[in-house]
Amino acid sequence: MNILILQEKLKEGLKIIEKISSKSLTLPILNNVLMSAEKSFLNLSATDLEIGVNWWALAKIEKEGKTTVPSNLISNFINLLPNEKIIIKEENNNLIIECKNYKTQLKGITAEEFPIIPKITNGEFININSAVFCQSLKQVAEIPIPSTTRPEISGVYLCFKKDSIVITATDSFRLGEKKLFLKAESSLKKEHSLIVPQKTIKEIINIFENKEGEIKIYFSPNQIMFELLMAETDHPQIQVISRLIEGEYPDYQKIIPEKNITQLTMDKNEFFNQIKSASLFAGKTNEIRIKTNLKNKEVFISSQSQEVGNYESSLLASAKGEEADIAFNYKFLLDGIMNIKSSEILLELNGDSGPGVLKPVGDQSYLYVVMPIKN
C-alpha cells in the first residue's frame, strides 16, 4: 500500500472511525482501524461487532493494499501533523507515515484478522434529510436505559411508513414519540418496524447531524444500514451498519392518554427555570409538586428536603379542566421540556396517579409522557 492524502481529510475520517473501535482485551483486532487502498479511494473501517462503520475519501493510490493499526494511536498522531500532504506506506503490516518533517512507523495486525463488516445490498431503502432525521432522533435518544430483563426498551423504536417515520423511546417511567412527516411518499412496499440500539442512535447523530444532503436507510431482518453518498457521485462516503434488538416493542400507544382532566399552557422557558430551581430542594427522591389554581390561572411549583429546606414559586398559565395536585420526578420533566422547540408548552394532567403529557404548542409531531410519583 502506498497512498497520498491530505492531513485534514484523513483526520476527518479517523474522527468518525475511532469512536467505534472497541477497547477489547480478548480481541485486540477490534482496537484497530482497517485501512484499505483500492482504485482511487482510501477506505477506513472499524467495528465493535455490533456496529460497523466504513468511511471513504478520494486519495492518490500509487499501490493498493490494506492493513490494520491501533485506531486511537493513529488518530492522535494524525491530529498533531500539519495540514499538509501525507504519504502512507505499508511494509509487512507496519504502517510508515511521512508528512513534511515528521516520520513514524506503527506496528499493525494483518488485515485478514479483521472481522467482516456486513453490508445490505438488497432490499428496500428510504431517503431522508440527514439533519432533519438526526434532530428528530435527538428528541428521544436519551430516554432508553440498558435492561437485561427487557432488552427491547434498551433501544429506539423506528417505524417506517410510506409518508412518515415514527420514532419512539421509553424506559417505562417516561416515553417520547416523534413523528417525522415525509414531503413525498416513499417507495416502500411495506411498513418496517425495528428496534435500534441506543448506542447506534447516538453514533448516527454524531456522524450525520452536520452532514448536508440525504442519507439512505436500508432494511434487513437483523440489521439496518445508514449511508451517505459523496457529493455528485454514487460512491458511498460513510456507511453505518448495526445489528437490531430482537423482540416485540411494547404496545406504547396504550400508555398515551386519549383524554385529559387538566390542560395547562405555559411559557416554556419560565416553566423550565422554575422546575430547575425547585430541583435544588427536591432531595434524594427528585420529587417536585405541581399544583393549580385555575380561578387565578396560576400554577404553583414546590419542593422540600429535610436536609436543605423548601421552595415554592408560581407562574401564569392558560388553564382548563379540574384542579390538580401532582408530584413528578424533576429530571424526567426537565428532559421532556428541553426537547420541546416551541416557546409555549402544553402540560396535560390526568389526576395524581395518571400520566402527564408534555407537548409543544402548535406542533402535533412530538409528545412526551411522564409518570407521576405516587404517594
# chains A, B, ... in the order shown; residues from 1 in each chain; ligands from 1
>>> residues_around(residues="Glu62 (chain A)", least_positions_apart="6", cutoff="8 Å", atoms="only C-alpha atoms", output="list in words")
Met1, Asn2, Ile3 and Leu4 of chain A
>>> residues_around(residues="region 281-298 of chain A", least_positions_apart="3", cutoff="6 Å", atoms="only C-alpha atoms", output="number ranges by chain")
A: 278, 301-305, 310, 315-317, 323-330
>>> closest_residue(among="A:Phe125, A:Ser130, A:Asp171, A:Tyr252", to="Ile215 (chain A)", atoms="only C-alpha atoms")
A:Ser130
>>> select_by_dssp(residues="region 21-263 of chain A", states="strand (DSSP E or B)", output="count of residues only")
107
>>> residues_around(residues="Pro355 (chain A)", least_positions_apart="3", cutoff="7 Å", atoms="only C-alpha atoms", output="PyMOL selection string")
chain A and resi 349-350+369-372
>>> residues_around(residues="Lys211 (chain A)", least_positions_apart="5", cutoff="10 Å", atoms="only C-alpha atoms", output="ChimeraX atom specification")
/A:129-131,134,206,228
>>> write_last_selection(atoms="N, CA and C atoms", output="tab-separated table (two decimals), in the first residue's frame")
chain	number	residue	atom	x	y	z
A	129	ASN	N	-33.58	13.51	4.76
A	129	ASN	CA	-32.61	14.56	5.03
A	129	ASN	C	-31.86	14.26	6.33
A	130	SER	N	-30.56	14.26	6.27
A	130	SER	CA	-29.75	13.81	7.41
A	130	SER	C	-29.94	14.71	8.64
A	131	ALA	N	-29.94	16.03	8.44
A	131	ALA	CA	-30.07	16.95	9.57
A	131	ALA	C	-31.44	16.82	10.24
A	134	CYS	N	-31.64	13.46	12.16
A	134	CYS	CA	-30.84	13.47	13.40
A	134	CYS	C	-31.47	14.34	14.47
A	206	ASN	N	-24.09	11.68	16.00
A	206	ASN	CA	-22.73	12.24	15.99
A	206	ASN	C	-22.16	12.31	14.57
A	228	LEU	N	-24.39	7.60	3.47
A	228	LEU	CA	-24.29	8.93	2.88
A	228	LEU	C	-23.36	8.84	1.68
>>> select_by_dssp(residues="region 212-369 of chain A", states="helix (DSSP H, G or I)", output="list in words")
Tyr252, Gln253, Lys254, Lys268, Asn269, Glu270, Phe271, Phe272, Asn273, Gln274, Ile275, Lys276, Ser277, Ala278, Ser279, Gly283, Lys284, Thr285, Tyr330, Lys331, Phe332, Leu333, Leu334, Asp335, Gly336, Ile337 and Met338 of chain A
>>> write_last_selection(atoms="C-alpha atoms", output="tab-separated table (two decimals), in the first residue's frame")
chain	number	residue	atom	x	y	z
A	252	TYR	CA	-46.88	2.01	23.89
A	253	GLN	CA	-50.00	3.58	22.36
A	254	LYS	CA	-51.95	2.25	25.34
A	268	LYS	CA	-41.66	27.07	28.22
A	269	ASN	CA	-38.57	28.91	29.48
A	270	GLU	CA	-40.26	30.13	32.66
A	271	PHE	CA	-41.64	26.66	33.39
A	272	PHE	CA	-38.21	25.13	32.80
A	273	ASN	CA	-36.44	27.65	35.07
A	274	GLN	CA	-38.92	27.12	37.91
A	275	ILE	CA	-38.63	23.33	37.70
A	276	LYS	CA	-34.84	23.74	37.66
A	277	SER	CA	-35.00	25.97	40.77
A	278	ALA	CA	-37.29	23.52	42.56
A	279	SER	CA	-34.86	20.69	41.81
A	283	GLY	CA	-33.83	15.87	47.96
A	284	LYS	CA	-32.95	12.26	47.18
A	285	THR	CA	-36.41	11.43	45.78
A	330	TYR	CA	-37.95	16.72	38.14
A	331	LYS	CA	-35.27	15.05	35.98
A	332	PHE	CA	-37.89	13.47	33.76
A	333	LEU	CA	-39.77	16.76	33.44
A	334	LEU	CA	-36.65	18.72	32.52
A	335	ASP	CA	-35.66	16.16	29.87
A	336	GLY	CA	-39.08	16.47	28.25
A	337	ILE	CA	-39.13	20.27	28.33
A	338	MET	CA	-35.64	20.53	26.79
>>> decode(residues="region 79-127 of chain A", atoms="N, CA and C atoms", output="PDB file, in the first residue's frame")
ATOM      1  N   ASN A  79      -3.673  13.890  14.179  1.00  0.00           N
ATOM      2  CA  ASN A  79      -4.170  15.180  14.686  1.00  0.00           C
ATOM      3  C   ASN A  79      -3.034  16.169  14.948  1.00  0.00           C
ATOM      4  N   LEU A  80      -1.853  15.655  15.252  1.00  0.00           N
ATOM      5  CA  LEU A  80      -0.718  16.527  15.586  1.00  0.00           C
ATOM      6  C   LEU A  80       0.061  16.984  14.354  1.00  0.00           C
ATOM      7  N   LEU A  81      -0.225  16.398  13.204  1.00  0.00           N
ATOM      8  CA  LEU A  81       0.508  16.751  11.995  1.00  0.00           C
ATOM      9  C   LEU A  81      -0.010  18.053  11.389  1.00  0.00           C
ATOM     10  N   PRO A  82       0.835  18.754  10.636  1.00  0.00           N
ATOM     11  CA  PRO A  82       0.376  19.960   9.927  1.00  0.00           C
ATOM     12  C   PRO A  82      -0.562  19.568   8.790  1.00  0.00           C
ATOM     13  N   ASN A  83      -1.386  20.518   8.341  1.00  0.00           N
ATOM     14  CA  ASN A  83      -2.316  20.251   7.252  1.00  0.00           C
ATOM     15  C   ASN A  83      -1.563  20.256   5.921  1.00  0.00           C
ATOM     16  N   GLU A  84      -0.836  19.179   5.721  1.00  0.00           N
ATOM     17  CA  GLU A  84      -0.023  19.010   4.507  1.00  0.00           C
ATOM     18  C   GLU A  84      -0.329  17.632   3.919  1.00  0.00           C
ATOM     19  N   LYS A  85       0.287  17.324   2.800  1.00  0.00           N
ATOM     20  CA  LYS A  85       0.126  16.010   2.192  1.00  0.00           C
ATOM     21  C   LYS A  85       0.811  14.950   3.052  1.00  0.00           C
ATOM     22  N   ILE A  86       0.135  13.812   3.219  1.00  0.00           N
ATOM     23  CA  ILE A  86       0.667  12.696   3.998  1.00  0.00           C
ATOM     24  C   ILE A  86       0.929  11.525   3.058  1.00  0.00           C
ATOM     25  N   ILE A  87       2.100  10.936   3.188  1.00  0.00           N
ATOM     26  CA  ILE A  87       2.421   9.715   2.454  1.00  0.00           C
ATOM     27  C   ILE A  87       2.296   8.541   3.424  1.00  0.00           C
ATOM     28  N   ILE A  88       1.515   7.544   3.033  1.00  0.00           N
ATOM     29  CA  ILE A  88       1.303   6.371   3.884  1.00  0.00           C
ATOM     30  C   ILE A  88       1.722   5.132   3.101  1.00  0.00           C
ATOM     31  N   LYS A  89       2.644   4.367   3.691  1.00  0.00           N
ATOM     32  CA  LYS A  89       3.119   3.132   3.069  1.00  0.00           C
ATOM     33  C   LYS A  89       2.958   1.978   4.046  1.00  0.00           C
ATOM     34  N   GLU A  90       2.713   0.801   3.481  1.00  0.00           N
ATOM     35  CA  GLU A  90       2.610  -0.407   4.307  1.00  0.00           C
ATOM     36  C   GLU A  90       3.713  -1.379   3.923  1.00  0.00           C
ATOM     37  N   GLU A  91       4.447  -1.836   4.940  1.00  0.00           N
ATOM     38  CA  GLU A  91       5.506  -2.823   4.722  1.00  0.00           C
ATOM     39  C   GLU A  91       5.412  -3.878   5.819  1.00  0.00           C
ATOM     40  N   ASN A  92       5.088  -5.099   5.440  1.00  0.00           N
ATOM     41  CA  ASN A  92       4.987  -6.211   6.396  1.00  0.00           C
ATOM     42  C   ASN A  92       4.053  -5.887   7.561  1.00  0.00           C
ATOM     43  N   ASN A  93       2.890  -5.309   7.231  1.00  0.00           N
ATOM     44  CA  ASN A  93       1.860  -4.915   8.204  1.00  0.00           C
ATOM     45  C   ASN A  93       2.271  -3.760   9.113  1.00  0.00           C
ATOM     46  N   ASN A  94       3.410  -3.153   8.847  1.00  0.00           N
ATOM     47  CA  ASN A  94       3.781  -1.927   9.542  1.00  0.00           C
ATOM     48  C   ASN A  94       3.408  -0.742   8.661  1.00  0.00           C
ATOM     49  N   LEU A  95       2.903   0.321   9.289  1.00  0.00           N
ATOM     50  CA  LEU A  95       2.460   1.499   8.550  1.00  0.00           C
ATOM     51  C   LEU A  95       3.486   2.616   8.730  1.00  0.00           C
ATOM     52  N   ILE A  96       4.035   3.077   7.633  1.00  0.00           N
ATOM     53  CA  ILE A  96       5.009   4.178   7.658  1.00  0.00           C
ATOM     54  C   ILE A  96       4.293   5.443   7.206  1.00  0.00           C
ATOM     55  N   ILE A  97       4.326   6.460   8.059  1.00  0.00           N
ATOM     56  CA  ILE A  97       3.615   7.713   7.784  1.00  0.00           C
ATOM     57  C   ILE A  97       4.633   8.844   7.709  1.00  0.00           C
ATOM     58  N   GLU A  98       4.602   9.597   6.600  1.00  0.00           N
ATOM     59  CA  GLU A  98       5.501  10.734   6.411  1.00  0.00           C
ATOM     60  C   GLU A  98       4.682  11.978   6.086  1.00  0.00           C
ATOM     61  N   CYS A  99       5.044  13.087   6.727  1.00  0.00           N
ATOM     62  CA  CYS A  99       4.374  14.366   6.473  1.00  0.00           C
ATOM     63  C   CYS A  99       5.349  15.479   6.804  1.00  0.00           C
ATOM     64  N   LYS A 100       5.773  16.207   5.777  1.00  0.00           N
ATOM     65  CA  LYS A 100       6.749  17.294   5.941  1.00  0.00           C
ATOM     66  C   LYS A 100       7.977  16.742   6.651  1.00  0.00           C
ATOM     67  N   ASN A 101       8.293  17.237   7.874  1.00  0.00           N
ATOM     68  CA  ASN A 101       9.480  16.738   8.574  1.00  0.00           C
ATOM     69  C   ASN A 101       9.120  15.735   9.685  1.00  0.00           C
ATOM     70  N   TYR A 102       7.933  15.103   9.561  1.00  0.00           N
ATOM     71  CA  TYR A 102       7.505  14.055  10.503  1.00  0.00           C
ATOM     72  C   TYR A 102       7.613  12.698   9.812  1.00  0.00           C
ATOM     73  N   LYS A 103       8.015  11.694  10.578  1.00  0.00           N
ATOM     74  CA  LYS A 103       8.024  10.326  10.055  1.00  0.00           C
ATOM     75  C   LYS A 103       7.875   9.363  11.227  1.00  0.00           C
ATOM     76  N   THR A 104       6.992   8.388  11.050  1.00  0.00           N
ATOM     77  CA  THR A 104       6.790   7.406  12.115  1.00  0.00           C
ATOM     78  C   THR A 104       6.454   6.056  11.510  1.00  0.00           C
ATOM     79  N   GLN A 105       6.581   5.018  12.340  1.00  0.00           N
ATOM     80  CA  GLN A 105       6.217   3.670  11.922  1.00  0.00           C
ATOM     81  C   GLN A 105       5.332   3.056  12.995  1.00  0.00           C
ATOM     82  N   LEU A 106       4.140   2.579  12.590  1.00  0.00           N
ATOM     83  CA  LEU A 106       3.200   1.958  13.516  1.00  0.00           C
ATOM     84  C   LEU A 106       3.136   0.461  13.251  1.00  0.00           C
ATOM     85  N   LYS A 107       3.163  -0.313  14.313  1.00  0.00           N
ATOM     86  CA  LYS A 107       3.030  -1.758  14.169  1.00  0.00           C
ATOM     87  C   LYS A 107       1.560  -2.118  14.009  1.00  0.00           C
ATOM     88  N   GLY A 108       1.283  -2.919  12.991  1.00  0.00           N
ATOM     89  CA  GLY A 108      -0.095  -3.287  12.714  1.00  0.00           C
ATOM     90  C   GLY A 108      -0.354  -4.765  12.867  1.00  0.00           C
ATOM     91  N   ILE A 109      -1.590  -5.153  12.570  1.00  0.00           N
ATOM     92  CA  ILE A 109      -2.019  -6.551  12.557  1.00  0.00           C
ATOM     93  C   ILE A 109      -2.567  -6.824  11.162  1.00  0.00           C
ATOM     94  N   THR A 110      -2.296  -7.985  10.641  1.00  0.00           N
ATOM     95  CA  THR A 110      -2.723  -8.312   9.286  1.00  0.00           C
ATOM     96  C   THR A 110      -4.223  -8.108   9.089  1.00  0.00           C
ATOM     97  N   ALA A 111      -4.583  -7.607   7.920  1.00  0.00           N
ATOM     98  CA  ALA A 111      -5.984  -7.290   7.625  1.00  0.00           C
ATOM     99  C   ALA A 111      -6.862  -8.534   7.616  1.00  0.00           C
ATOM    100  N   GLU A 112      -6.267  -9.712   7.398  1.00  0.00           N
ATOM    101  CA  GLU A 112      -7.039 -10.942   7.345  1.00  0.00           C
ATOM    102  C   GLU A 112      -7.717 -11.263   8.685  1.00  0.00           C
ATOM    103  N   GLU A 113      -7.194 -10.704   9.787  1.00  0.00           N
ATOM    104  CA  GLU A 113      -7.792 -10.964  11.101  1.00  0.00           C
ATOM    105  C   GLU A 113      -8.963 -10.038  11.402  1.00  0.00           C
ATOM    106  N   PHE A 114      -9.145  -8.996  10.581  1.00  0.00           N
ATOM    107  CA  PHE A 114     -10.203  -8.019  10.857  1.00  0.00           C
ATOM    108  C   PHE A 114     -11.567  -8.618  10.508  1.00  0.00           C
ATOM    109  N   PRO A 115     -12.566  -8.457  11.413  1.00  0.00           N
ATOM    110  CA  PRO A 115     -13.893  -9.041  11.152  1.00  0.00           C
ATOM    111  C   PRO A 115     -14.527  -8.447   9.895  1.00  0.00           C
ATOM    112  N   ILE A 116     -15.307  -9.254   9.224  1.00  0.00           N
ATOM    113  CA  ILE A 116     -16.044  -8.772   8.048  1.00  0.00           C
ATOM    114  C   ILE A 116     -17.223  -7.920   8.509  1.00  0.00           C
ATOM    115  N   ILE A 117     -17.317  -6.709   7.975  1.00  0.00           N
ATOM    116  CA  ILE A 117     -18.458  -5.843   8.267  1.00  0.00           C
ATOM    117  C   ILE A 117     -19.515  -6.094   7.195  1.00  0.00           C
ATOM    118  N   PRO A 118     -20.688  -6.600   7.588  1.00  0.00           N
ATOM    119  CA  PRO A 118     -21.699  -6.927   6.575  1.00  0.00           C
ATOM    120  C   PRO A 118     -22.253  -5.671   5.909  1.00  0.00           C
ATOM    121  N   LYS A 119     -22.789  -5.848   4.721  1.00  0.00           N
ATOM    122  CA  LYS A 119     -23.447  -4.760   4.000  1.00  0.00           C
ATOM    123  C   LYS A 119     -24.817  -5.235   3.545  1.00  0.00           C
ATOM    124  N   ILE A 120     -25.743  -4.312   3.500  1.00  0.00           N
ATOM    125  CA  ILE A 120     -27.078  -4.623   2.989  1.00  0.00           C
ATOM    126  C   ILE A 120     -27.135  -4.111   1.555  1.00  0.00           C
ATOM    127  N   THR A 121     -27.095  -5.014   0.617  1.00  0.00           N
ATOM    128  CA  THR A 121     -27.060  -4.610  -0.792  1.00  0.00           C
ATOM    129  C   THR A 121     -28.411  -4.786  -1.477  1.00  0.00           C
ATOM    130  N   ASN A 122     -29.252  -5.647  -0.914  1.00  0.00           N
ATOM    131  CA  ASN A 122     -30.589  -5.852  -1.468  1.00  0.00           C
ATOM    132  C   ASN A 122     -31.636  -5.379  -0.475  1.00  0.00           C
ATOM    133  N   GLY A 123     -32.854  -5.320  -0.920  1.00  0.00           N
ATOM    134  CA  GLY A 123     -33.934  -4.935  -0.029  1.00  0.00           C
ATOM    135  C   GLY A 123     -34.328  -3.481  -0.191  1.00  0.00           C
ATOM    136  N   GLU A 124     -35.318  -3.078   0.583  1.00  0.00           N
ATOM    137  CA  GLU A 124     -35.872  -1.732   0.455  1.00  0.00           C
ATOM    138  C   GLU A 124     -35.020  -0.701   1.189  1.00  0.00           C
ATOM    139  N   PHE A 125     -35.150   0.548   0.750  1.00  0.00           N
ATOM    140  CA  PHE A 125     -34.467   1.649   1.433  1.00  0.00           C
ATOM    141  C   PHE A 125     -35.332   2.896   1.347  1.00  0.00           C
ATOM    142  N   ILE A 126     -34.998   3.870   2.166  1.00  0.00           N
ATOM    143  CA  ILE A 126     -35.702   5.147   2.180  1.00  0.00           C
ATOM    144  C   ILE A 126     -34.675   6.267   2.251  1.00  0.00           C
ATOM    145  N   ASN A 127     -34.950   7.387   1.603  1.00  0.00           N
ATOM    146  CA  ASN A 127     -34.086   8.567   1.667  1.00  0.00           C
ATOM    147  C   ASN A 127     -34.683   9.588   2.629  1.00  0.00           C
TER     148      ASN A 127
END
